[in-house]
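*Asks:* So here's start-v3.txt (compact mmCIF, C-alpha atoms and all ligand atoms).
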```
# COMPACT_ATOMS: atom_id res chain seq x y z
CA MET A 1 58.20 -20.46 -60.62
CA ILE A 2 54.70 -21.37 -59.60
CA VAL A 3 53.61 -24.97 -59.59
CA PHE A 4 50.04 -26.07 -59.15
CA LEU A 5 49.50 -29.53 -57.88
CA PHE A 6 46.12 -31.14 -57.88
CA LEU A 7 45.90 -34.13 -55.66
CA SER A 8 42.74 -36.08 -55.58
CA LEU A 9 42.00 -38.10 -52.48
CA LEU A 10 39.66 -40.67 -53.87
CA SER A 11 38.90 -44.10 -52.62
CA VAL A 12 36.68 -46.24 -54.78
CA LYS A 13 35.90 -48.65 -51.98
CA TYR A 14 34.97 -45.79 -49.72
CA LEU A 15 32.66 -44.28 -52.34
CA TYR A 16 31.02 -47.64 -52.90
CA ASP A 17 30.48 -48.19 -49.17
CA ARG A 18 29.04 -44.73 -48.73
CA LEU A 19 26.69 -45.02 -51.68
CA LEU A 20 25.20 -48.08 -50.06
CA SER A 21 24.56 -46.17 -46.83
CA ASP A 22 24.23 -42.38 -46.49
CA PRO A 23 24.47 -39.72 -49.15
CA LEU A 24 28.08 -38.61 -49.63
CA PRO A 25 29.37 -35.70 -47.60
CA VAL A 26 30.49 -32.94 -49.95
CA PRO A 27 34.26 -33.16 -50.53
CA ARG A 28 36.16 -29.95 -49.97
CA ILE A 29 38.86 -28.17 -51.92
CA ARG A 30 41.71 -27.16 -49.65
CA HIS A 31 44.03 -24.48 -50.86
CA TYR A 32 47.59 -24.07 -49.61
CA LYS A 33 49.97 -21.28 -50.55
CA TRP A 34 53.59 -22.10 -49.88
CA GLU A 35 56.73 -20.05 -50.26
CA VAL A 36 59.95 -22.09 -50.24
CA LYS A 37 63.25 -20.42 -49.40
CA TYR A 38 66.57 -20.69 -47.58
CA GLU A 39 66.62 -19.19 -44.10
CA TYR A 40 68.97 -19.34 -41.15
CA LYS A 41 67.55 -21.70 -38.54
CA SER A 42 68.89 -23.32 -35.38
CA PRO A 43 66.55 -26.27 -34.90
CA ASP A 44 69.21 -28.21 -32.99
CA CYS A 45 70.99 -25.11 -31.59
CA TYR A 46 73.42 -25.04 -34.54
CA LYS A 47 72.76 -22.24 -37.00
CA ILE A 48 72.59 -23.35 -40.63
CA LEU A 49 70.81 -22.42 -43.83
CA ALA A 50 67.69 -24.54 -43.83
CA ILE A 51 64.96 -24.78 -46.44
CA THR A 52 61.65 -23.55 -45.10
CA ILE A 53 58.05 -23.49 -46.24
CA ASN A 54 56.36 -20.28 -45.11
CA GLY A 55 59.24 -19.75 -42.71
CA GLN A 56 59.01 -23.12 -41.01
CA THR A 57 60.64 -26.52 -41.06
CA PRO A 58 58.99 -29.01 -40.90
CA GLY A 59 56.60 -27.39 -43.35
CA PRO A 60 52.88 -26.92 -42.74
CA THR A 61 50.82 -30.04 -42.11
CA ILE A 62 48.33 -30.78 -44.85
CA GLU A 63 45.06 -31.79 -43.24
CA ALA A 64 42.26 -33.24 -45.28
CA GLN A 65 39.35 -35.61 -45.21
CA LEU A 66 39.01 -38.50 -47.58
CA ASN A 67 37.83 -37.39 -51.08
CA ASP A 68 38.96 -33.79 -50.62
CA THR A 69 41.04 -32.09 -53.29
CA ILE A 70 44.27 -30.42 -52.22
CA ILE A 71 45.70 -27.53 -54.22
CA VAL A 72 49.21 -26.46 -53.31
CA GLU A 73 50.44 -23.28 -54.91
CA LEU A 74 54.19 -23.31 -54.41
CA LYS A 75 56.43 -20.33 -54.98
CA ASN A 76 60.09 -21.32 -55.37
CA ARG A 77 62.32 -18.64 -53.88
CA LEU A 78 65.47 -20.77 -53.79
CA LEU A 79 66.93 -18.66 -56.63
CA ALA A 80 69.15 -21.29 -58.22
CA GLU A 81 67.42 -24.60 -57.52
CA MET A 82 64.35 -26.38 -58.75
CA VAL A 83 61.83 -27.93 -56.39
CA ALA A 84 60.04 -31.23 -56.75
CA VAL A 85 57.85 -32.67 -54.02
CA HIS A 86 57.01 -36.30 -53.46
CA TRP A 87 53.54 -36.71 -51.91
CA HIS A 88 53.01 -39.96 -50.09
CA GLY A 89 49.74 -41.78 -49.65
CA ILE A 90 47.46 -39.21 -51.19
CA HIS A 91 44.76 -41.69 -52.13
CA GLN A 92 44.47 -43.12 -48.66
CA LEU A 93 43.30 -42.51 -45.18
CA GLY A 94 46.01 -42.08 -42.56
CA THR A 95 49.32 -40.38 -41.84
CA PHE A 96 51.79 -39.67 -44.62
CA LEU A 97 54.67 -37.39 -45.43
CA TYR A 98 55.65 -35.10 -48.24
CA HIS A 99 59.25 -34.27 -48.95
CA ALA A 100 61.45 -32.61 -51.52
CA HIS A 101 62.82 -34.79 -54.25
CA TYR A 102 65.55 -32.59 -55.60
CA GLY A 103 69.16 -32.76 -54.41
CA LEU A 104 69.30 -32.87 -50.64
CA GLN A 105 66.51 -30.40 -50.02
CA SER A 106 64.54 -32.88 -47.98
CA GLU A 107 67.49 -33.44 -45.60
CA HIS A 108 67.70 -29.69 -45.11
CA GLY A 109 64.17 -29.06 -44.05
CA LEU A 110 61.76 -29.30 -46.97
CA TYR A 111 59.28 -31.85 -45.69
CA GLY A 112 56.09 -32.17 -43.67
CA MET A 113 53.12 -34.30 -42.76
CA ILE A 114 49.87 -35.18 -44.54
CA LYS A 115 46.92 -36.26 -42.40
CA VAL A 116 43.91 -37.70 -44.15
CA SER A 117 41.02 -38.34 -41.79
CA LEU A 118 37.58 -39.84 -42.13
CA PRO A 119 34.70 -37.53 -42.97
CA PRO A 120 32.36 -36.50 -40.11
CA GLY A 121 30.06 -39.31 -39.13
CA ASP A 122 32.65 -42.03 -39.70
CA SER A 123 34.86 -43.11 -36.84
CA GLU A 124 38.15 -44.92 -36.36
CA PRO A 125 38.01 -48.50 -35.06
CA TYR A 126 39.87 -47.37 -31.91
CA THR A 127 39.37 -44.57 -29.41
CA TYR A 128 41.70 -41.97 -27.98
CA ASP A 129 41.50 -38.70 -26.07
CA TYR A 130 44.15 -36.59 -27.76
CA GLY A 131 46.34 -36.65 -30.82
CA GLU A 132 49.88 -35.57 -31.60
CA SER A 133 52.25 -35.88 -34.56
CA ILE A 134 55.97 -36.54 -34.63
CA ILE A 135 58.28 -36.58 -37.64
CA LEU A 136 61.72 -38.05 -37.09
CA VAL A 137 64.61 -36.92 -39.27
CA ASP A 138 68.35 -36.82 -39.26
CA TRP A 139 69.87 -33.40 -39.53
CA TYR A 140 73.15 -32.18 -40.99
CA HIS A 141 75.25 -29.10 -40.47
CA LYS A 142 76.78 -28.96 -43.93
CA SER A 143 75.06 -27.01 -46.66
CA THR A 144 73.12 -29.03 -49.26
CA TYR A 145 76.08 -28.65 -51.64
CA GLU A 146 78.82 -29.51 -49.15
CA HIS A 147 76.72 -32.38 -47.93
CA TRP A 148 76.28 -33.71 -51.46
CA THR A 149 80.04 -33.57 -51.98
CA LEU A 150 80.75 -35.33 -48.70
CA LEU A 151 77.97 -37.86 -48.74
CA ASN A 152 79.86 -40.08 -46.34
CA THR A 153 79.75 -37.37 -43.65
CA LEU A 154 78.53 -38.74 -40.38
CA SER A 155 75.05 -37.78 -39.37
CA LEU A 156 75.33 -35.13 -36.70
CA GLY A 157 71.98 -34.98 -35.07
CA ARG A 158 68.39 -36.14 -34.86
CA ARG A 159 65.30 -34.08 -34.69
CA ALA A 160 61.82 -34.92 -33.54
CA SER A 161 59.07 -32.56 -34.68
CA GLY A 162 61.67 -30.15 -35.96
CA LYS A 163 63.65 -29.96 -32.72
CA GLY A 164 66.86 -31.50 -31.57
CA ARG A 165 69.82 -30.75 -29.42
CA PHE A 166 73.36 -30.77 -30.71
CA ASN A 167 76.12 -30.77 -28.10
CA CYS A 168 77.75 -27.38 -28.68
CA SER A 169 80.94 -28.47 -26.94
CA THR A 170 81.58 -31.13 -29.60
CA PRO A 171 85.13 -30.58 -30.90
CA GLY A 172 85.09 -28.78 -34.23
CA SER A 173 81.75 -27.01 -33.75
CA GLU A 174 82.04 -23.30 -34.20
CA ALA A 175 81.11 -21.41 -31.05
CA ASN A 176 79.50 -18.54 -32.90
CA LEU A 177 77.16 -20.93 -34.75
CA CYS A 178 76.15 -23.12 -31.84
CA ASN A 179 74.02 -21.68 -29.04
CA ALA A 180 72.56 -24.14 -26.57
CA THR A 181 70.33 -21.47 -25.03
CA ASN A 182 68.55 -20.55 -28.27
CA PRO A 183 64.79 -21.08 -27.66
CA GLU A 184 64.49 -22.41 -31.26
CA CYS A 185 66.15 -25.63 -30.08
CA SER A 186 64.39 -26.19 -26.79
CA PRO A 187 63.50 -29.89 -26.91
CA HIS A 188 60.18 -31.00 -28.29
CA ALA A 189 57.95 -31.59 -25.27
CA MET A 190 54.51 -33.12 -25.07
CA THR A 191 52.45 -32.61 -21.96
CA VAL A 192 50.30 -35.61 -21.15
CA VAL A 193 47.52 -36.25 -18.68
CA PRO A 194 47.66 -39.52 -16.71
CA ARG A 195 45.22 -42.26 -17.77
CA LYS A 196 44.36 -40.55 -21.04
CA THR A 197 45.00 -42.19 -24.40
CA TYR A 198 47.07 -40.36 -27.00
CA ARG A 199 47.08 -41.23 -30.65
CA LEU A 200 50.55 -40.49 -32.05
CA ARG A 201 51.09 -40.14 -35.76
CA ILE A 202 54.75 -41.00 -36.27
CA GLY A 203 56.65 -40.60 -39.52
CA SER A 204 60.33 -40.91 -40.37
CA LEU A 205 62.25 -39.14 -43.10
CA THR A 206 65.76 -40.08 -42.10
CA SER A 207 68.11 -40.34 -45.01
CA LEU A 208 70.62 -42.76 -43.50
CA SER A 209 69.40 -43.95 -40.12
CA ALA A 210 66.94 -46.52 -38.87
CA LEU A 211 65.57 -45.33 -35.55
CA SER A 212 64.08 -46.97 -32.53
CA PHE A 213 61.29 -44.88 -31.02
CA GLU A 214 60.11 -45.51 -27.50
CA ILE A 215 58.44 -43.74 -24.60
CA GLU A 216 60.16 -44.27 -21.30
CA ASP A 217 58.16 -46.49 -18.90
CA HIS A 218 55.31 -46.92 -21.36
CA ASN A 219 54.17 -49.44 -23.90
CA MET A 220 52.57 -48.42 -27.16
CA THR A 221 49.68 -50.06 -29.00
CA ILE A 222 50.11 -50.09 -32.75
CA VAL A 223 46.75 -49.47 -34.45
CA GLY A 224 47.75 -48.72 -38.00
CA THR A 225 50.62 -48.50 -40.42
CA GLY A 226 51.08 -47.33 -43.99
CA GLY A 227 47.51 -46.07 -44.24
CA HIS A 228 45.90 -49.28 -42.99
CA ASN A 229 44.43 -50.17 -39.64
CA VAL A 230 45.93 -53.29 -38.12
CA GLU A 231 44.83 -55.66 -35.40
CA PRO A 232 46.15 -53.75 -32.36
CA PHE A 233 49.32 -55.12 -30.78
CA ILE A 234 51.49 -53.87 -27.95
CA VAL A 235 55.16 -52.96 -28.33
CA LYS A 236 57.88 -51.49 -26.15
CA ASN A 237 59.64 -49.77 -29.03
CA LEU A 238 59.11 -49.09 -32.67
CA PHE A 239 61.84 -49.61 -35.26
CA ILE A 240 61.18 -47.05 -37.92
CA TYR A 241 62.96 -46.82 -41.24
CA SER A 242 63.21 -44.06 -43.74
CA SER A 243 60.24 -43.74 -46.08
CU CU B 301 59.05 -40.05 -50.93
```
Using structure tokens, write down the structure from this file.

*Replies:*
Amino acid sequence: MIVFLFLSLLSVKYLYDRLLSDPLPVPRIRHYKWEVKYEYKSPDCYKILAITINGQTPGPTIEAQLNDTIIVELKNRLLAEMVAVHWHGIHQLGTFLYHAHYGLQSEHGLYGMIKVSLPPGDSEPYTYDYGESIILVDWYHKSTYEHWTLLNTLSLGRRASGKGRFNCSTPGSEANLCNATNPECSPHAMTVVPRKTYRLRIGSLTSLSALSFEIEDHNMTIVGTGGHNVEPFIVKNLFIYSS
């Protein structure tokens, strides 16, 4: 099955503002080709059938500038399941997520990030040196079907940017499925340079958990949420709920 999705990133206010100033930059059409299928993955050291887009989970990040058109050509290779994708925030500037909306496909890997930035010449009302993105999810070791049947199963792990670490010596975990030395599950690491400012785009797609995100020995300045800039304020941690 091939699905074409045309998403228009249009902001009336933005157009109006630009018409009053410079001529509009030419919006671009960005084409993505995705193949969705089940594959064995060990993102938290525990091997399970995950749903991937082009072999990866999280799926590819969609990057666009305001007013661009995104075309996603999706090939469903799940054999016996349909695919529906929920696209968040496509008419706005900022950081958003897309995720599957069929069964528990989202909980098993079918999700990713959408970044909509300002066109060249426009700048954010804050400055930073580097940028990084993090998606937080909870992760389950049951198949989508088993998981659906046992919806009260306890959440078994958390992943940040597609990585996590399940304790392989947990009673009941099968030794042949859990391998703590698998490089696929080496923890997500971000190398930072002292006295530089990093802009983090943080999204959460947990299905059951509310998370508290913090960076040891650091404060964070919140500059925007839900596609809107906010008056910057400093926090020690960030409570983040499922979208
Ligand atoms: Cu959604």

*Asks:* What's around Phe166 in chain A at 12 Å? Count all atoms listed in the file, leave out sequence neighbours fewer than 2 positions away in its own chain, and write the answer as a ChimeraX atom specification.

*Replies:* /A:42-47,138-141,155-159,163-164,168-171,173-174,177-182,185-187

*Asks:* Have a look at CA of Ala189 in chain A and CA of Gly172 in chain A and let me know their distance in Å, one decimal.

*Replies:*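 For CA of Ala189 in chain A relative to CA of Gly172 in chain A, the distance reads 28.7 Å.
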
*Asks:* Would you kindly return, as a PyMOL selection string, each protein, DNA or RNA residue with an atom no farther than 8 Å from any atom of range 92-100 of chain A, considering all atoms listed in the file and excluding same-chain residues fewer than 4 positions away?

*Replies:* chain A and resi 9-11+65-66+83-88+104-106+110-118+201-203+226-228

*Asks:* Separation of CA of Thr144 in chain A and CA of Tyr241 in chain A, in Å?

*Replies:*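 Straight-line distance from CA of Thr144 in chain A to CA of Tyr241 in chain A works out to 22.0 Å.
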
*Asks:* Of the residues A:Leu205, A:Arg195, A:Pro232, A:Gly103, which is the one nearest to His218 in chain A, using all atoms listed in the file?

*Replies:*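 Closest candidate: A:Arg195.
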
*Asks:* Between A:Val193, A:Ile29, A:Gln56, A:Asp122, which has the minimum distance to Val72 in chain A (counting only C-alpha atoms)?

*Replies:*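 Going through A:Val193, A:Ile29, A:Gln56, A:Asp122 one by one, the smallest distance to Val72 in chain A is for A:Ile29.
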
*Asks:* Which is closest to ligand CU 301 (chain B) among A:Gly89, A:Lys142, A:Ile240, A:Pro183, if we use all atoms listed in the file?

*Replies:* A:Gly89

*Asks:* Just the residues within 7 Å of range 127-134 of chain A, please, counting all atoms listed in the file, with nothing from its chain fewer than 3 positions along; format it as a PyMOL selection string.

*Replies:* chain A and resi 160-161+196-203

*Asks:* Please determine, counting only C-alpha atoms and all ligand atoms, which residue among A:Asn167, A:Glu107, A:Tyr126, A:Val235 has the shortest atom-to-atom distance to ligand CU 301 (chain B).

*Replies:*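 For ligand CU 301 (chain B), the nearest of the given residues is A:Glu107.
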
*Asks:* Which residue out of A:Ile215, A:Met220, A:Ile90, A:Ile71 has the minimum interatomic distance to ligand CU 301 (chain B) when all atoms listed in the file are used?

*Replies:*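 Nearest to ligand CU 301 (chain B): A:Ile90.
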
*Asks:* For Asn54 in chain A, find every residue with an atom within 8 Å (counting all atoms listed in the file), except residues of its own chain fewer than 5 positions away, and show them as a VMD selection string.

*Replies:* chain A and resid 34 to 36 59 to 60

*Asks:* Report, in Å to a single decimal, how far apart CA of Ile48 in chain A and CA of Arg165 in chain A are.

*Replies:*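 Rounded to one decimal, the two atoms are 13.7 Å apart.
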
*Asks:* With only C-alpha atoms as the atoms that count, which of A:Leu49, A:Lys41, A:Thr191, A:Pro119 lies nearest to Asp68 in chain A?

*Replies:* A:Pro119
